[in-house]
Every structure is written in structure tokens, then in C-alpha cells.
Amino acid sequence: PRRDATALPTIDVMAGSSLGWVQHEAGALDRALLGAWGVGSALLLLSLSTSLLRLRRERARWTHDAVDGWSVLVSPDMGPALVGLSSLAIVIPRWFLDLPSETRRLALLHEREHLAAGDTRLLALGLGLATLTPWNVAIWWQVRRLRTATELDCDTRVLRAGVSARAYAAALLDVGARSGARQTLQPALAEPKSLLSRRIVAMLTKPGRAAWLRAAERATVRAPSRPRRWASAVAA
């Protein structure tokens, strides 16, 4: 049989055309993904910038005060927390002034430990990296773990200073039950109840403290409605 001289060139043309189509589609997909990446990061940065600007405006209206020998900012309802990056300050809500003196002291000691360790800047750095890669679930997970680690480490430093674990847990419950959810980028006593529960469990899981642990876990669930009652159960 005679060989068709045009067969191989035809196959080459078809293969080249298919390869060109694949390269074109791959390039279009790359551009789409890069565009989505840029838009996602831009939206997160815009949201972050808006929150920081709003926080800065609110901070300008807060009053300076001295509570138990420490300089603080007093806000209508935000805190206790650290605010700022270049100029850090402790902010407390107005209702904080009505707390028992020991609860105030422990809460302020908590924030002072965060201030000394530079936890706010560390968390801001982690969040900034996550914002640049909004698609990276692993980084967001690590940021969440970093938040937990800074809180647990802060609690450890407070307890090493000689603070009673039961008194400290009671302060966490009392303040955590009253605090709102307006914390932005700041390690604070106001936080998800799951993290608060984990912190209290970590403090109270020593032999002979099973009863206090059960009381703390119940208080974490019911704290929003009866903060004083459950905080007293842990402190007793």
C-alpha cells in the first residue's frame, strides 16, 4: 500500500494545536487565580484598615485614667485589651471600674504580661501574613493556634508570679462574661468561650482540682447570663 505523505504533518498540526489550546487555557486560569488572589487580599486589607481607622477614631475619644496604679484608657464598652501597634495602651470598659479590686488587679496583670511579651505585634504580624495569602488555610489555622498559644503562655506567666489559679480563673470568668465581642487584633480576656474554657482547663487540671474544673466548664457555658454566680463558684 502507498503511504500517505500528508498523514504525519496532519498529526503534528493537530498536536501543536492541542498544545497551544492547553497553554492558552492554563494561562487564562493562572490569570484568573492571580486576580482572585489579589482581590481577596485587597478586600481583607481594606477590612483590616477600616477596623484600625475606626479603632483609632474611638481611641481619640477615650479618657486617660489610673487604675490600681496603672495608666489605662477608659472606653464606653471595649476591653480589657491592648490597643495599638506602635503605641500600645491598655483599654478598659467603664464597667471594669466597678469590679472587685482583686479581679481588676488580675485582669490588668494579664494585659501587662501581654504588653511585656509583645503579643499584640506578634499576632498582627501573623494576621498580616495570612492576609497576603487568603487562600492558604494552613496559615489561617496557624494564626488561630498562635492566638491560643499567646493566651496560654500569658496565663502561665501570671500564675508563675504567685497568683492563685482559682482566683485567676474566677477573674477570667467574671471579665469574660461581661466583655463584648469588639476585640480587633488584640489578645484580651474577651474571647470565644471555647478558648476561655481551654485556658481554664489548662490551669485547673492538676490532681485534686476536678471539682474546680467542672465548675469552670459549667461557668464558661452559662457565664453570659449569670457571670457573678459562676465566677464565685470557682473562687470559693
# chains A, B, ... in the order shown; residues from 1 in each chain; ligands from 1
call {"tool": "select_by_dssp", "arguments": {"residues": "range 20-218 of chain A", "states": "strand (DSSP E)", "output": "PyMOL selection string"}}
result
chain A and resi 63-67+70-75+81-83+89-93
call {"tool": "closest_residue", "arguments": {"among": "A:Arg31, A:Arg199, A:His114, A:Arg178", "to": "Met78 in chain A", "atoms": "only C-alpha atoms"}}
result
A:Arg178
call {"tool": "atom_distance", "arguments": {"atom1": "CA of Gly84 in chain A", "atom2": "CA of Ala167 in chain A"}}
result
28.9 Å
call {"tool": "closest_atom_pairs", "arguments": {"of": "range 88-198 of chain A", "to": "range 36-57 of chain A", "cutoff": "8 Å", "atoms": "only C-alpha atoms", "output": "CSV"}}
result
residue,atom,partner,partner_atom,distance
A:Thr131,CA,A:Ser41,CA,5.6
A:Leu132,CA,A:Ser41,CA,5.5
A:Thr133,CA,A:Ser41,CA,6.9
A:Pro134,CA,A:Ser41,CA,6.1
A:Trp135,CA,A:Trp37,CA,7.3
A:Thr184,CA,A:Ser51,CA,7.4
call {"tool": "write_last_selection", "arguments": {"atoms": "C-alpha atoms", "output": "PDB file, in the first residue's frame"}}
result
ATOM      1  CA  THR A 131      -3.998  38.457  54.671  1.00  0.00           C
ATOM      2  CA  LEU A 132      -1.373  38.235  51.936  1.00  0.00           C
ATOM      3  CA  THR A 133      -2.310  34.591  51.307  1.00  0.00           C
ATOM      4  CA  PRO A 134      -6.076  34.462  51.948  1.00  0.00           C
ATOM      5  CA  TRP A 135      -6.387  31.106  50.191  1.00  0.00           C
ATOM      6  CA  THR A 184      -9.858  43.545  66.952  1.00  0.00           C
TER       7      THR A 184
END
